[in-house]
Amino acid sequence: KNQVEQSPQSLIILEGKNCTLQCNYTVSPFSNLRWYKQDTGRGPVSLTIMTFSENTKSNGRYTATLDADTKQSSLHITASQLSDSASYICVVSLYGGSQGNLIFGKGTKLSVKP
Amino acid sequence: DGGITQSPKYLFRKEGQNVTLSCEQNLNHDAMYWYRQDPGQGLRLIYYSQIVNDFQKGDIAEGYSVSREKKESFPLTVTSAQKNPTAFYLCASSIVSAGGSGELFFGEGSRLTVL
């Protein structure tokens, strides 16, 4: 069964600290993996995309990694800011599938405290 | 500015009433989607459309209907047959990619509450 599991479910950190969010997937055939940021009451926004051949990709203070062998991805946030408080959603796309073949994780809710 | 516009942002409905949520995009994307989001759950696909006048059921299509008469528009009707319609509804669009779905661009969402 195609699944995406994210951990932790929620996380509280102090402003300025780093954190790492995890995403494990059992999706096949794999096309790509995206991380989205969703502010409360808003629509998600794409942060990064990882394809099979990519190990690391950065977007400002956000760095995503992908290990295609172990089917794991992580999102590392450096020097957190209050505006990083949001839910982070991992989404895996099936290769060759229809446009509707996206597998969503349940998200990690991050709270950054001053 | 290019993007996706959903309306209304908040909607209250009495039981037994149908309601239609609007979704318009000016990104020139061929594919459009409707998702439902409930607390503690991942996004679930209701319907999607890859081309005008064609659409496909997602995982939870029962009690919902859609139309795609124009490339820019993909309205969702929540019918009285939907047993638990209170939720946050998200519309999205993307290019059509042969290798898998392209990046989703989401609207700001519509929160439906059934009284």
# chains A, B, ... in the order shown; residues from 1 in each chain; ligands from 1
call {"tool": "closest_atom_pairs", "arguments": {"of": "segment 14-78 of chain B", "to": "segment 107-114 of chain A", "cutoff": "12 Å", "atoms": "only C-alpha atoms", "output": "tab-separated table"}}
result
residue	atom	partner	partner_atom	distance
B:Gln37	CA	A:Gly107	CA	11.3
B:Asp38	CA	A:Gly107	CA	11.8
B:Pro39	CA	A:Gly107	CA	10.4
B:Gly40	CA	A:Gly107	CA	8.2
B:Gln41	CA	A:Gly107	CA	8.1
B:Gly42	CA	A:Gly107	CA	6.9
B:Leu43	CA	A:Gly107	CA	9.5
call {"tool": "write_last_selection", "arguments": {"atoms": "C-alpha atoms", "output": "PDB file, in the first residue's frame"}}
result
ATOM      1  CA  GLN B  37      -8.639  18.625   4.801  1.00  0.00           C
ATOM      2  CA  ASP B  38      -9.790  17.486   8.238  1.00  0.00           C
ATOM      3  CA  PRO B  39      -7.889  17.979  11.515  1.00  0.00           C
ATOM      4  CA  GLY B  40      -5.163  15.373  11.996  1.00  0.00           C
ATOM      5  CA  GLN B  41      -5.590  13.932   8.515  1.00  0.00           C
ATOM      6  CA  GLY B  42      -3.724  14.339   5.273  1.00  0.00           C
ATOM      7  CA  LEU B  43      -5.315  15.989   2.284  1.00  0.00           C
TER       8      LEU B  43
END
call {"tool": "closest_atom_pairs", "arguments": {"of": "chain A", "to": "chain B", "cutoff": "7 Å", "atoms": "only C-alpha atoms", "output": "CSV"}}
result
residue,atom,partner,partner_atom,distance
A:Ser31,CA,B:Gly100,CA,6.0
A:Arg42,CA,B:Glu108,CA,4.9
A:Gly43,CA,B:Glu108,CA,4.5
A:Pro44,CA,B:Phe106,CA,6.2
A:Val45,CA,B:Phe105,CA,7.0
A:Ser93,CA,B:Gly100,CA,5.9
A:Leu94,CA,B:Gly100,CA,5.8
A:Tyr95,CA,B:Gly100,CA,4.9
A:Gly96,CA,B:Gly99,CA,4.9
A:Gly97,CA,B:Gly100,CA,5.8
A:Ser98,CA,B:Gly100,CA,6.9
A:Gln99,CA,B:Ser101,CA,4.9
A:Gly100,CA,B:Tyr48,CA,6.4
A:Phe104,CA,B:Gly42,CA,5.7
A:Gly105,CA,B:Gly42,CA,5.5
A:Lys106,CA,B:Gly42,CA,4.0
A:Gly107,CA,B:Gly42,CA,6.9
call {"tool": "atom_distance", "arguments": {"atom1": "atom CA of Lys1 of chain A", "atom2": "atom CA of Gln22 of chain A"}}
result
19.5 Å
call {"tool": "residues_around", "arguments": {"residues": "Ser85 of chain A", "least_positions_apart": "2", "cutoff": "10 Å", "atoms": "only C-alpha atoms", "output": "CSV table (one decimal) with all heavy atoms, in the first residue's frame"}}
result
chain,number,residue,atom,x,y,z
A,11,LEU,N,5.7,19.6,17.0
A,11,LEU,CA,7.1,19.9,17.6
A,11,LEU,C,7.1,21.4,18.0
A,11,LEU,O,6.5,22.3,17.3
A,11,LEU,CB,8.1,19.7,16.4
A,11,LEU,CG,9.6,20.0,16.7
A,11,LEU,CD1,10.1,19.0,17.8
A,11,LEU,CD2,10.4,19.9,15.4
A,12,ILE,N,7.6,21.6,19.2
A,12,ILE,CA,7.8,23.0,19.7
A,12,ILE,C,9.2,23.3,19.9
A,12,ILE,O,9.9,22.5,20.5
A,12,ILE,CB,7.0,23.2,21.0
A,12,ILE,CG1,5.5,22.9,20.9
A,12,ILE,CG2,7.2,24.6,21.6
A,12,ILE,CD1,4.7,22.9,22.2
A,13,ILE,N,9.7,24.4,19.3
A,13,ILE,CA,11.1,24.8,19.5
A,13,ILE,C,11.2,26.3,19.8
A,13,ILE,O,10.2,27.0,19.5
A,13,ILE,CB,11.9,24.5,18.2
A,13,ILE,CG1,11.4,25.2,17.0
A,13,ILE,CG2,11.9,23.0,17.9
A,13,ILE,CD1,12.3,25.1,15.8
A,15,GLU,N,12.7,30.0,19.2
A,15,GLU,CA,13.2,30.8,18.1
A,15,GLU,C,14.8,30.8,18.0
A,15,GLU,O,15.4,30.9,19.0
A,15,GLU,CB,12.7,32.3,18.3
A,15,GLU,CG,13.1,33.2,17.1
A,15,GLU,CD,12.5,34.6,17.3
A,15,GLU,OE1,12.1,34.9,18.5
A,15,GLU,OE2,12.5,35.4,16.4
A,37,LYS,N,4.7,23.9,2.9
A,37,LYS,CA,4.4,24.6,4.1
A,37,LYS,C,3.0,25.1,4.1
A,37,LYS,O,2.6,25.8,3.1
A,37,LYS,CB,5.4,25.8,4.3
A,37,LYS,CG,5.2,26.6,5.5
A,37,LYS,CD,6.1,27.8,5.5
A,37,LYS,CE,5.8,28.7,6.8
A,37,LYS,NZ,6.6,30.0,6.8
A,38,GLN,N,2.3,24.9,5.2
A,38,GLN,CA,0.9,25.4,5.2
A,38,GLN,C,0.7,26.2,6.5
A,38,GLN,O,0.7,25.6,7.6
A,38,GLN,CB,-0.1,24.2,5.2
A,38,GLN,CG,-1.6,24.7,5.2
A,38,GLN,CD,-2.6,23.6,5.1
A,38,GLN,OE1,-2.3,22.4,5.5
A,38,GLN,NE2,-3.8,23.9,4.6
A,39,ASP,N,0.5,27.5,6.3
A,39,ASP,CA,0.2,28.3,7.5
A,39,ASP,C,-1.3,28.0,7.9
A,39,ASP,O,-2.1,27.6,7.0
A,39,ASP,CB,0.3,29.8,7.1
A,39,ASP,CG,1.8,30.2,6.9
A,39,ASP,OD1,2.7,29.7,7.6
A,39,ASP,OD2,2.1,31.0,6.0
A,40,THR,N,-1.6,28.3,9.1
A,40,THR,CA,-2.9,28.0,9.7
A,40,THR,C,-4.0,28.7,8.9
A,40,THR,O,-3.9,29.9,8.7
A,40,THR,CB,-3.0,28.4,11.1
A,40,THR,OG1,-2.0,27.6,11.9
A,40,THR,CG2,-4.4,28.1,11.7
A,80,SER,N,15.5,28.9,13.2
A,80,SER,CA,14.1,29.1,13.1
A,80,SER,C,13.6,30.5,13.4
A,80,SER,O,14.2,31.2,14.3
A,80,SER,CB,13.4,28.0,14.0
A,80,SER,OG,13.7,28.2,15.3
A,81,GLN,N,12.5,30.9,12.8
A,81,GLN,CA,11.9,32.2,13.0
A,81,GLN,C,10.4,31.9,13.4
A,81,GLN,O,9.9,30.9,13.1
A,81,GLN,CB,12.0,33.0,11.8
A,81,GLN,CG,13.4,33.3,11.3
A,81,GLN,CD,13.5,34.1,10.1
A,81,GLN,OE1,12.5,34.5,9.5
A,81,GLN,NE2,14.7,34.5,9.6
A,82,LEU,N,9.8,32.9,14.0
A,82,LEU,CA,8.4,32.8,14.4
A,82,LEU,C,7.5,32.5,13.2
A,82,LEU,O,6.6,31.7,13.3
A,82,LEU,CB,7.9,34.1,15.1
A,82,LEU,CG,8.7,34.4,16.4
A,82,LEU,CD1,8.1,35.7,17.0
A,82,LEU,CD2,8.6,33.3,17.4
A,83,SER,N,7.9,33.0,12.1
A,83,SER,CA,7.1,32.8,10.8
A,83,SER,C,7.2,31.3,10.3
A,83,SER,O,6.5,31.0,9.4
A,83,SER,CB,7.6,33.7,9.7
A,83,SER,OG,8.9,33.6,9.4
A,87,SER,N,2.3,24.0,9.5
A,87,SER,CA,2.3,22.6,9.2
A,87,SER,C,3.2,22.3,8.0
A,87,SER,O,3.1,23.1,7.0
A,87,SER,CB,0.9,22.0,9.0
A,87,SER,OG,0.2,22.0,10.3
A,88,TYR,N,4.0,21.3,8.1
A,88,TYR,CA,4.9,20.9,6.9
A,88,TYR,C,4.4,19.6,6.4
A,88,TYR,O,4.4,18.6,7.2
A,88,TYR,CB,6.3,20.9,7.4
A,88,TYR,CG,6.8,22.3,7.7
A,88,TYR,CD1,6.6,22.9,8.9
A,88,TYR,CD2,7.4,23.1,6.7
A,88,TYR,CE1,7.0,24.2,9.2
A,88,TYR,CE2,7.8,24.4,7.0
A,88,TYR,CZ,7.6,24.9,8.3
A,88,TYR,OH,8.0,26.2,8.5
A,109,LYS,N,3.2,19.6,12.7
A,109,LYS,CA,2.9,20.9,13.1
A,109,LYS,C,4.0,21.5,13.9
A,109,LYS,O,4.3,21.0,15.0
A,109,LYS,CB,1.6,20.9,13.9
A,109,LYS,CG,1.1,22.3,14.2
A,109,LYS,CD,-0.3,22.4,14.8
A,109,LYS,CE,-0.8,23.8,15.1
A,109,LYS,NZ,-2.1,23.8,15.7
A,110,LEU,N,4.6,22.5,13.4
A,110,LEU,CA,5.8,23.1,14.1
A,110,LEU,C,5.3,24.5,14.7
A,110,LEU,O,4.7,25.3,14.1
A,110,LEU,CB,6.9,23.4,13.1
A,110,LEU,CG,8.1,24.2,13.6
A,110,LEU,CD1,8.8,23.4,14.7
A,110,LEU,CD2,9.0,24.6,12.4
A,111,SER,N,5.7,24.6,16.0
A,111,SER,CA,5.4,25.9,16.7
A,111,SER,C,6.8,26.4,17.1
A,111,SER,O,7.5,25.7,17.8
A,111,SER,CB,4.6,25.6,17.9
A,111,SER,OG,3.3,25.2,17.5
A,112,VAL,N,7.1,27.6,16.7
A,112,VAL,CA,8.3,28.3,17.1
A,112,VAL,C,7.9,29.4,18.2
A,112,VAL,O,7.2,30.3,17.9
A,112,VAL,CB,9.0,29.0,15.9
A,112,VAL,CG1,10.3,29.6,16.4
A,112,VAL,CG2,9.3,27.9,14.9
A,113,LYS,N,8.5,29.3,19.3
A,113,LYS,CA,8.2,30.1,20.4
A,113,LYS,C,9.3,31.2,20.7
A,113,LYS,O,10.5,30.8,20.5
A,113,LYS,CB,8.0,29.4,21.7
A,113,LYS,CG,6.9,28.3,21.6
A,113,LYS,CD,5.5,28.9,21.4
A,113,LYS,CE,4.5,27.8,21.5
A,113,LYS,NZ,3.1,28.4,21.2
call {"tool": "residues_around", "arguments": {"residues": "Leu47 of chain A", "least_positions_apart": "4", "cutoff": "7 Å", "atoms": "only C-alpha atoms", "output": "list of chain:residue names"}}
result
A:Trp35, A:Tyr36, A:Lys37, A:Asn59
call {"tool": "atom_distance", "arguments": {"atom1": "atom CA of Leu11 of chain B", "atom2": "atom CA of Phe55 of chain B"}}
result
24.8 Å
call {"tool": "atom_distance", "arguments": {"atom1": "atom CA of Lys83 of chain B", "atom2": "atom CA of Arg36 of chain B"}}
result
13.7 Å
call {"tool": "select_by_dssp", "arguments": {"residues": "chain B", "states": "strand (DSSP E or B)", "output": "PyMOL selection string"}}
result
chain B and resi 4-7+10-13+19-25+31-37+44-51+54-57+64-66+70+73+76-78+87-94+105-106+110-114
call {"tool": "write_last_selection", "arguments": {"atoms": "C-alpha atoms", "output": "PDB file, in the first residue's frame"}}
result
ATOM      1  CA  ILE B   4      -5.837  30.573  -7.674  1.00  0.00           C
ATOM      2  CA  THR B   5      -8.845  32.248  -6.141  1.00  0.00           C
ATOM      3  CA  GLN B   6     -11.309  30.367  -3.980  1.00  0.00           C
ATOM      4  CA  SER B   7     -14.576  31.768  -2.715  1.00  0.00           C
ATOM      5  CA  TYR B  10     -16.143  30.907   5.018  1.00  0.00           C
ATOM      6  CA  LEU B  11     -19.528  29.345   4.395  1.00  0.00           C
ATOM      7  CA  PHE B  12     -22.290  28.155   6.677  1.00  0.00           C
ATOM      8  CA  ARG B  13     -24.927  25.740   5.461  1.00  0.00           C
ATOM      9  CA  VAL B  19     -23.569  24.540  -1.674  1.00  0.00           C
ATOM     10  CA  THR B  20     -21.110  25.403  -4.443  1.00  0.00           C
ATOM     11  CA  LEU B  21     -17.506  26.436  -3.842  1.00  0.00           C
ATOM     12  CA  SER B  22     -15.822  28.488  -6.518  1.00  0.00           C
ATOM     13  CA  CYS B  23     -12.280  27.995  -7.809  1.00  0.00           C
ATOM     14  CA  GLU B  24     -10.704  30.125 -10.534  1.00  0.00           C
ATOM     15  CA  GLN B  25      -7.099  30.080 -11.792  1.00  0.00           C
ATOM     16  CA  ALA B  31      -5.017  20.208 -14.298  1.00  0.00           C
ATOM     17  CA  MET B  32      -7.205  21.262 -11.390  1.00  0.00           C
ATOM     18  CA  TYR B  33      -8.006  19.477  -8.150  1.00  0.00           C
ATOM     19  CA  TRP B  34     -10.254  19.594  -5.112  1.00  0.00           C
ATOM     20  CA  TYR B  35      -9.015  18.339  -1.757  1.00  0.00           C
ATOM     21  CA  ARG B  36     -10.631  18.042   1.622  1.00  0.00           C
ATOM     22  CA  GLN B  37      -8.639  18.625   4.801  1.00  0.00           C
ATOM     23  CA  ARG B  44      -7.797  13.716   0.553  1.00  0.00           C
ATOM     24  CA  LEU B  45      -8.608  14.005  -3.139  1.00  0.00           C
ATOM     25  CA  ILE B  46     -12.248  14.597  -4.035  1.00  0.00           C
ATOM     26  CA  TYR B  47     -12.094  15.175  -7.791  1.00  0.00           C
ATOM     27  CA  TYR B  48      -9.530  16.210 -10.355  1.00  0.00           C
ATOM     28  CA  SER B  49      -9.593  17.312 -13.971  1.00  0.00           C
ATOM     29  CA  GLN B  50      -6.791  17.140 -16.525  1.00  0.00           C
ATOM     30  CA  ILE B  51      -8.660  18.818 -19.355  1.00  0.00           C
ATOM     31  CA  ASP B  54     -13.385  15.856 -18.341  1.00  0.00           C
ATOM     32  CA  PHE B  55     -12.882  15.002 -14.671  1.00  0.00           C
ATOM     33  CA  GLN B  56     -12.111  11.973 -12.542  1.00  0.00           C
ATOM     34  CA  LYS B  57     -13.285  10.842  -9.113  1.00  0.00           C
ATOM     35  CA  TYR B  64     -19.704  15.845  -4.253  1.00  0.00           C
ATOM     36  CA  SER B  65     -19.985  16.969  -7.882  1.00  0.00           C
ATOM     37  CA  VAL B  66     -17.835  19.114 -10.163  1.00  0.00           C
ATOM     38  CA  LYS B  70     -13.741  26.355 -18.807  1.00  0.00           C
ATOM     39  CA  SER B  73     -12.795  27.309 -13.533  1.00  0.00           C
ATOM     40  CA  LEU B  76     -17.238  22.034  -6.451  1.00  0.00           C
ATOM     41  CA  THR B  77     -20.773  21.343  -5.273  1.00  0.00           C
ATOM     42  CA  VAL B  78     -21.216  19.782  -1.856  1.00  0.00           C
ATOM     43  CA  ALA B  87     -14.273  20.667   6.556  1.00  0.00           C
ATOM     44  CA  PHE B  88     -11.616  22.868   4.970  1.00  0.00           C
ATOM     45  CA  TYR B  89     -11.687  22.587   1.164  1.00  0.00           C
ATOM     46  CA  LEU B  90      -8.647  23.309  -0.955  1.00  0.00           C
ATOM     47  CA  CYS B  91      -8.539  23.839  -4.700  1.00  0.00           C
ATOM     48  CA  ALA B  92      -5.260  23.406  -6.578  1.00  0.00           C
ATOM     49  CA  SER B  93      -3.911  23.483 -10.105  1.00  0.00           C
ATOM     50  CA  SER B  94      -0.812  22.178 -11.879  1.00  0.00           C
ATOM     51  CA  PHE B 105      -0.513  25.615  -6.595  1.00  0.00           C
ATOM     52  CA  PHE B 106      -3.196  25.945  -3.949  1.00  0.00           C
ATOM     53  CA  SER B 110     -12.876  27.529   1.839  1.00  0.00           C
ATOM     54  CA  ARG B 111     -14.078  26.540   5.290  1.00  0.00           C
ATOM     55  CA  LEU B 112     -17.545  24.996   5.201  1.00  0.00           C
ATOM     56  CA  THR B 113     -19.544  24.570   8.386  1.00  0.00           C
ATOM     57  CA  VAL B 114     -22.843  22.708   8.451  1.00  0.00           C
TER      58      VAL B 114
END
